[in-house]
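See structure below.
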Amino acid sequence: MVTNASLTIYHHDKKDARNPKWVKQGPFKIWWYGGKGASYNKGLENSNDVKIRLWKDINDLSNLEASVGDILVKGDINKEISMQSDLKDYETYNIVSIIDNDFGLNKHFHIEGK
């Protein structure tokens with residue numbers, strides 16, 4: 001499997017309804033495709049989409065919690081946040097889809113972000 005980037009995920013933990021918090025996870029070794037910038041063949045609506053393969057056999061995913069709406073940050077970020085705007089200096093996306101590809105030789109999570 002090929003990796004070309006690292007990923008930090010901020011999971012919105014809502015267990016305590018009165019005090020939700022963002023929990024940092026990672027860094028993970030991933031395959032990153034897409035990102036910020038216009039694309040003529042994708043159209044304006046999909047020009048900033050990102051697709052990520054989070055490999056299961058080279059990452060410790062035992063405590064992974066990720067869901068739609070969580071924040072994807074390209075790179076190894078070591079910052080605690082209280083709101084998404086705390087990451088304004090980084091390349092960020094929100095998760096719109098997570099698919100568990102648990103078959104074949106390269107088992108991974110396929111994550112899409114906008």
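Ordering of the structure tokens sets the chain letters (A, B, ...), residue numbers begin anew at 1 in every chain, and ligands are numbered from 1 in the order given.
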
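Residues surrounding region 19-33 of chain A within 7 Å are Val2, Thr3, Asn4, Ala5, Ser6, Leu7, Thr8, Ile9, Tyr10, His11, His12, Asp13, Lys14, Lys15, Asp16, Val50, Lys51, Ile52, Arg53, Leu54, Trp55, Asn59, Asp76, Ile81 and Ser82 of chain A [only C-alpha atoms; sequence separation below 3 positions excluded].
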
Generate a file of the selected residues that holds N, CA and C atoms, formatted as a JSON list (two decimals), in the first residue's frame.
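Output (result_25.json):
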[["chain", "number", "residue", "atom", "x", "y", "z"],
["A", 2, "VAL", "N", 0.33, 2.28, -0.56],
["A", 2, "VAL", "CA", 1.08, 3.52, -0.74],
["A", 2, "VAL", "C", 0.55, 4.57, 0.24],
["A", 3, "THR", "N", 1.46, 5.32, 0.83],
["A", 3, "THR", "CA", 1.06, 6.46, 1.66],
["A", 3, "THR", "C", 1.72, 7.71, 1.09],
["A", 4, "ASN", "N", 1.04, 8.82, 1.21],
["A", 4, "ASN", "CA", 1.61, 10.07, 0.73],
["A", 4, "ASN", "C", 1.37, 11.24, 1.70],
["A", 5, "ALA", "N", 0.76, 10.96, 2.85],
["A", 5, "ALA", "CA", 0.47, 12.04, 3.79],
["A", 5, "ALA", "C", 0.16, 11.46, 5.17],
["A", 6, "SER", "N", 0.05, 12.35, 6.11],
["A", 6, "SER", "CA", -0.43, 11.96, 7.44],
["A", 6, "SER", "C", -1.74, 12.70, 7.70],
["A", 7, "LEU", "N", -2.51, 12.18, 8.62],
["A", 7, "LEU", "CA", -3.85, 12.69, 8.89],
["A", 7, "LEU", "C", -4.09, 12.77, 10.39],
["A", 8, "THR", "N", -4.71, 13.86, 10.81],
["A", 8, "THR", "CA", -5.20, 14.00, 12.18],
["A", 8, "THR", "C", -6.71, 14.16, 12.09],
["A", 9, "ILE", "N", -7.44, 13.42, 12.93],
["A", 9, "ILE", "CA", -8.89, 13.50, 12.96],
["A", 9, "ILE", "C", -9.31, 14.10, 14.30],
["A", 10, "TYR", "N", -10.25, 15.04, 14.25],
["A", 10, "TYR", "CA", -10.86, 15.58, 15.46],
["A", 10, "TYR", "C", -12.30, 15.09, 15.51],
["A", 11, "HIS", "N", -12.56, 14.21, 16.47],
["A", 11, "HIS", "CA", -13.88, 13.60, 16.64],
["A", 11, "HIS", "C", -14.70, 14.46, 17.60],
["A", 12, "HIS", "N", -15.93, 14.79, 17.21],
["A", 12, "HIS", "CA", -16.82, 15.58, 18.06],
["A", 12, "HIS", "C", -17.51, 14.65, 19.04],
["A", 13, "ASP", "N", -16.99, 14.58, 20.25],
["A", 13, "ASP", "CA", -17.50, 13.71, 21.29],
["A", 13, "ASP", "C", -18.66, 14.41, 22.00],
["A", 14, "LYS", "N", -19.85, 13.86, 21.86],
["A", 14, "LYS", "CA", -21.05, 14.48, 22.42],
["A", 14, "LYS", "C", -21.63, 13.66, 23.58],
["A", 15, "LYS", "N", -20.78, 12.84, 24.23],
["A", 15, "LYS", "CA", -21.26, 12.02, 25.33],
["A", 15, "LYS", "C", -21.81, 12.86, 26.47],
["A", 16, "ASP", "N", -21.13, 13.96, 26.76],
["A", 16, "ASP", "CA", -21.62, 14.91, 27.76],
["A", 16, "ASP", "C", -22.33, 16.03, 27.01],
["A", 50, "VAL", "N", -12.06, 15.69, -0.92],
["A", 50, "VAL", "CA", -10.86, 14.91, -0.64],
["A", 50, "VAL", "C", -11.29, 13.46, -0.40],
["A", 51, "LYS", "N", -10.46, 12.55, -0.87],
["A", 51, "LYS", "CA", -10.68, 11.12, -0.65],
["A", 51, "LYS", "C", -9.45, 10.57, 0.06],
["A", 52, "ILE", "N", -9.69, 9.76, 1.09],
["A", 52, "ILE", "CA", -8.61, 9.27, 1.94],
["A", 52, "ILE", "C", -8.75, 7.77, 2.11],
["A", 53, "ARG", "N", -7.63, 7.08, 2.03],
["A", 53, "ARG", "CA", -7.59, 5.66, 2.40],
["A", 53, "ARG", "C", -6.78, 5.55, 3.69],
["A", 54, "LEU", "N", -7.45, 5.14, 4.74],
["A", 54, "LEU", "CA", -6.83, 4.96, 6.05],
["A", 54, "LEU", "C", -6.56, 3.47, 6.22],
["A", 55, "TRP", "N", -5.29, 3.10, 6.02],
["A", 55, "TRP", "CA", -4.90, 1.68, 5.98],
["A", 55, "TRP", "C", -4.99, 1.05, 7.36],
["A", 59, "ASN", "N", -1.73, 1.24, 10.69],
["A", 59, "ASN", "CA", -2.19, 2.23, 11.68],
["A", 59, "ASN", "C", -2.84, 1.52, 12.86],
["A", 76, "ASP", "N", 0.29, 16.07, 10.67],
["A", 76, "ASP", "CA", 0.38, 15.67, 12.07],
["A", 76, "ASP", "C", 0.21, 16.93, 12.91],
["A", 81, "ILE", "N", -8.37, 21.68, 20.56],
["A", 81, "ILE", "CA", -9.30, 22.69, 20.07],
["A", 81, "ILE", "C", -10.59, 22.65, 20.87],
["A", 82, "SER", "N", -11.29, 23.78, 20.85],
["A", 82, "SER", "CA", -12.61, 23.83, 21.48],
["A", 82, "SER", "C", -13.69, 24.10, 20.44]]

Show which residues sit within 7 Å of region 84-95 of chain A, as a ChimeraX atom specification. Count only C-alpha atoms, and ignore same-chain residues fewer than 4 positions away. /A:67-74,111-114

Suppose we keep all heavy atoms; can you now write the selection as an mmCIF file, in the first residue's frame?
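Wrote it out as part.cif, contents follow:
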data_model
loop_
_atom_site.group_PDB
_atom_site.id
_atom_site.type_symbol
_atom_site.label_atom_id
_atom_site.label_comp_id
_atom_site.auth_asym_id
_atom_site.auth_seq_id
_atom_site.Cartn_x
_atom_site.Cartn_y
_atom_site.Cartn_z
ATOM 1 N N SER A 67 -16.899 9.932 12.687
ATOM 2 C CA SER A 67 -18.267 9.934 12.182
ATOM 3 C C SER A 67 -18.458 11.136 11.271
ATOM 4 O O SER A 67 -17.631 12.044 11.221
ATOM 5 C CB SER A 67 -19.273 9.930 13.327
ATOM 6 O OG SER A 67 -19.057 11.035 14.171
ATOM 7 N N VAL A 68 -19.568 11.123 10.561
ATOM 8 C CA VAL A 68 -19.889 12.222 9.655
ATOM 9 C C VAL A 68 -19.916 13.519 10.452
ATOM 10 O O VAL A 68 -20.483 13.587 11.538
ATOM 11 C CB VAL A 68 -21.234 11.967 8.947
ATOM 12 C CG1 VAL A 68 -21.685 13.184 8.169
ATOM 13 C CG2 VAL A 68 -21.122 10.750 8.035
ATOM 14 N N GLY A 69 -19.257 14.539 9.907
ATOM 15 C CA GLY A 69 -19.174 15.835 10.568
ATOM 16 C C GLY A 69 -17.866 16.073 11.293
ATOM 17 O O GLY A 69 -17.533 17.218 11.601
ATOM 18 N N ASP A 70 -17.117 15.010 11.586
ATOM 19 C CA ASP A 70 -15.822 15.177 12.237
ATOM 20 C C ASP A 70 -14.852 15.893 11.303
ATOM 21 O O ASP A 70 -15.074 15.986 10.100
ATOM 22 C CB ASP A 70 -15.251 13.820 12.658
ATOM 23 C CG ASP A 70 -15.992 13.234 13.851
ATOM 24 O OD1 ASP A 70 -16.824 13.938 14.447
ATOM 25 O OD2 ASP A 70 -15.733 12.067 14.176
ATOM 26 N N ILE A 71 -13.759 16.384 11.865
ATOM 27 C CA ILE A 71 -12.803 17.199 11.110
ATOM 28 C C ILE A 71 -11.595 16.372 10.692
ATOM 29 O O ILE A 71 -10.988 15.687 11.516
ATOM 30 C CB ILE A 71 -12.326 18.397 11.955
ATOM 31 C CG1 ILE A 71 -13.511 19.195 12.487
ATOM 32 C CG2 ILE A 71 -11.390 19.282 11.143
ATOM 33 C CD1 ILE A 71 -13.134 20.212 13.542
ATOM 34 N N LEU A 72 -11.243 16.468 9.415
ATOM 35 C CA LEU A 72 -10.023 15.875 8.876
ATOM 36 C C LEU A 72 -9.012 17.001 8.703
ATOM 37 O O LEU A 72 -9.335 18.042 8.136
ATOM 38 C CB LEU A 72 -10.287 15.248 7.508
ATOM 39 C CG LEU A 72 -11.386 14.193 7.424
ATOM 40 C CD1 LEU A 72 -11.710 13.895 5.970
ATOM 41 C CD2 LEU A 72 -10.936 12.943 8.151
ATOM 42 N N VAL A 73 -7.793 16.799 9.173
ATOM 43 C CA VAL A 73 -6.742 17.789 9.012
ATOM 44 C C VAL A 73 -5.541 17.111 8.374
ATOM 45 O O VAL A 73 -5.049 16.104 8.890
ATOM 46 C CB VAL A 73 -6.321 18.422 10.361
ATOM 47 C CG1 VAL A 73 -5.332 19.552 10.124
ATOM 48 C CG2 VAL A 73 -7.514 18.904 11.145
ATOM 49 N N LYS A 74 -5.090 17.657 7.261
ATOM 50 C CA LYS A 74 -3.923 17.087 6.591
ATOM 51 C C LYS A 74 -2.685 17.406 7.421
ATOM 52 O O LYS A 74 -2.425 18.551 7.755
ATOM 53 C CB LYS A 74 -3.776 17.656 5.189
ATOM 54 C CG LYS A 74 -2.722 16.955 4.370
ATOM 55 C CD LYS A 74 -2.737 17.441 2.942
ATOM 56 C CE LYS A 74 -1.802 16.612 2.086
ATOM 57 N NZ LYS A 74 -1.828 17.059 0.695
ATOM 58 N N ILE A 111 -12.529 7.312 3.365
ATOM 59 C CA ILE A 111 -13.167 8.490 3.962
ATOM 60 C C ILE A 111 -13.229 9.595 2.933
ATOM 61 O O ILE A 111 -12.242 9.862 2.234
ATOM 62 C CB ILE A 111 -12.363 8.969 5.199
ATOM 63 C CG1 ILE A 111 -12.241 7.842 6.214
ATOM 64 C CG2 ILE A 111 -13.028 10.190 5.820
ATOM 65 C CD1 ILE A 111 -11.316 8.160 7.371
ATOM 66 N N GLU A 112 -14.374 10.232 2.821
ATOM 67 C CA GLU A 112 -14.511 11.375 1.929
ATOM 68 C C GLU A 112 -14.840 12.600 2.762
ATOM 69 O O GLU A 112 -15.581 12.527 3.732
ATOM 70 C CB GLU A 112 -15.616 11.132 0.897
ATOM 71 C CG GLU A 112 -15.254 10.033 -0.079
ATOM 72 C CD GLU A 112 -16.223 9.907 -1.228
ATOM 73 O OE1 GLU A 112 -16.938 10.904 -1.525
ATOM 74 O OE2 GLU A 112 -16.284 8.831 -1.821
ATOM 75 N N GLY A 113 -14.264 13.730 2.332
ATOM 76 C CA GLY A 113 -14.489 14.975 3.052
ATOM 77 C C GLY A 113 -14.770 16.123 2.096
ATOM 78 O O GLY A 113 -14.374 16.104 0.944
ATOM 79 N N LYS A 114 -15.453 17.110 2.600
ATOM 80 C CA LYS A 114 -15.729 18.363 1.863
ATOM 81 C C LYS A 114 -15.268 19.518 2.717
ATOM 82 O O LYS A 114 -15.314 19.494 3.903
ATOM 83 C CB LYS A 114 -17.216 18.520 1.591
ATOM 84 C CG LYS A 114 -17.696 17.636 0.478
ATOM 85 C CD LYS A 114 -19.093 18.092 0.059
ATOM 86 C CE LYS A 114 -19.607 17.228 -1.044
ATOM 87 N NZ LYS A 114 -19.329 17.702 -2.358
#

Assign secondary structure with DSSP using the backbone only, and return the residues of region 11-113 of chain A in strand (DSSP E or B) as a VMD selection string. chain A and resid 11 to 13 21 to 34 50 to 55 71 to 74 92 to 101 108 to 113

Put those residues in a file: C-alpha atoms, as a PDB file, in the first residue's frame.
ATOM      1  CA  HIS A  11     -13.881  13.602  16.638  1.00  0.00           C
ATOM      2  CA  HIS A  12     -16.816  15.583  18.063  1.00  0.00           C
ATOM      3  CA  ASP A  13     -17.502  13.712  21.295  1.00  0.00           C
ATOM      4  CA  LYS A  21     -15.560  18.412  23.096  1.00  0.00           C
ATOM      5  CA  TRP A  22     -13.251  17.697  20.188  1.00  0.00           C
ATOM      6  CA  VAL A  23     -11.012  14.653  20.699  1.00  0.00           C
ATOM      7  CA  LYS A  24      -7.774  14.518  18.673  1.00  0.00           C
ATOM      8  CA  GLN A  25      -6.876  11.189  17.027  1.00  0.00           C
ATOM      9  CA  GLY A  26      -3.792  10.276  15.047  1.00  0.00           C
ATOM     10  CA  PRO A  27      -1.560  10.907  13.293  1.00  0.00           C
ATOM     11  CA  PHE A  28      -2.353   8.196  10.779  1.00  0.00           C
ATOM     12  CA  LYS A  29      -0.458   7.168   7.653  1.00  0.00           C
ATOM     13  CA  ILE A  30      -2.821   7.550   4.700  1.00  0.00           C
ATOM     14  CA  TRP A  31      -3.286   7.917   0.964  1.00  0.00           C
ATOM     15  CA  TRP A  32      -4.656  11.434   0.289  1.00  0.00           C
ATOM     16  CA  TYR A  33      -6.292  12.393  -3.006  1.00  0.00           C
ATOM     17  CA  GLY A  34      -7.848  15.723  -3.935  1.00  0.00           C
ATOM     18  CA  VAL A  50     -10.862  14.911  -0.639  1.00  0.00           C
ATOM     19  CA  LYS A  51     -10.682  11.116  -0.650  1.00  0.00           C
ATOM     20  CA  ILE A  52      -8.608   9.270   1.935  1.00  0.00           C
ATOM     21  CA  ARG A  53      -7.586   5.664   2.401  1.00  0.00           C
ATOM     22  CA  LEU A  54      -6.828   4.960   6.052  1.00  0.00           C
ATOM     23  CA  TRP A  55      -4.896   1.683   5.983  1.00  0.00           C
ATOM     24  CA  ILE A  71     -12.803  17.199  11.110  1.00  0.00           C
ATOM     25  CA  LEU A  72     -10.023  15.875   8.876  1.00  0.00           C
ATOM     26  CA  VAL A  73      -6.742  17.789   9.012  1.00  0.00           C
ATOM     27  CA  LYS A  74      -3.923  17.087   6.591  1.00  0.00           C
ATOM     28  CA  THR A  92      -9.352  21.013   6.986  1.00  0.00           C
ATOM     29  CA  TYR A  93     -12.374  19.096   5.716  1.00  0.00           C
ATOM     30  CA  ASN A  94     -15.495  17.649   7.297  1.00  0.00           C
ATOM     31  CA  ILE A  95     -16.235  13.956   6.918  1.00  0.00           C
ATOM     32  CA  VAL A  96     -19.218  13.275   4.640  1.00  0.00           C
ATOM     33  CA  SER A  97     -18.734   9.527   4.159  1.00  0.00           C
ATOM     34  CA  ILE A  98     -16.916   6.613   5.818  1.00  0.00           C
ATOM     35  CA  ILE A  99     -16.844   3.184   4.191  1.00  0.00           C
ATOM     36  CA  ASP A 100     -15.201   0.150   5.818  1.00  0.00           C
ATOM     37  CA  ASN A 101     -13.445  -1.756   3.015  1.00  0.00           C
ATOM     38  CA  HIS A 108      -8.827   0.236   4.807  1.00  0.00           C
ATOM     39  CA  PHE A 109     -11.405   2.862   5.630  1.00  0.00           C
ATOM     40  CA  HIS A 110     -12.367   5.003   2.662  1.00  0.00           C
ATOM     41  CA  ILE A 111     -13.167   8.490   3.962  1.00  0.00           C
ATOM     42  CA  GLU A 112     -14.511  11.375   1.929  1.00  0.00           C
ATOM     43  CA  GLY A 113     -14.489  14.975   3.052  1.00  0.00           C
TER      44      GLY A 113
END

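CA of Ile58 (chain A) is found 15.6 Å from CA of Phe103 (chain A).
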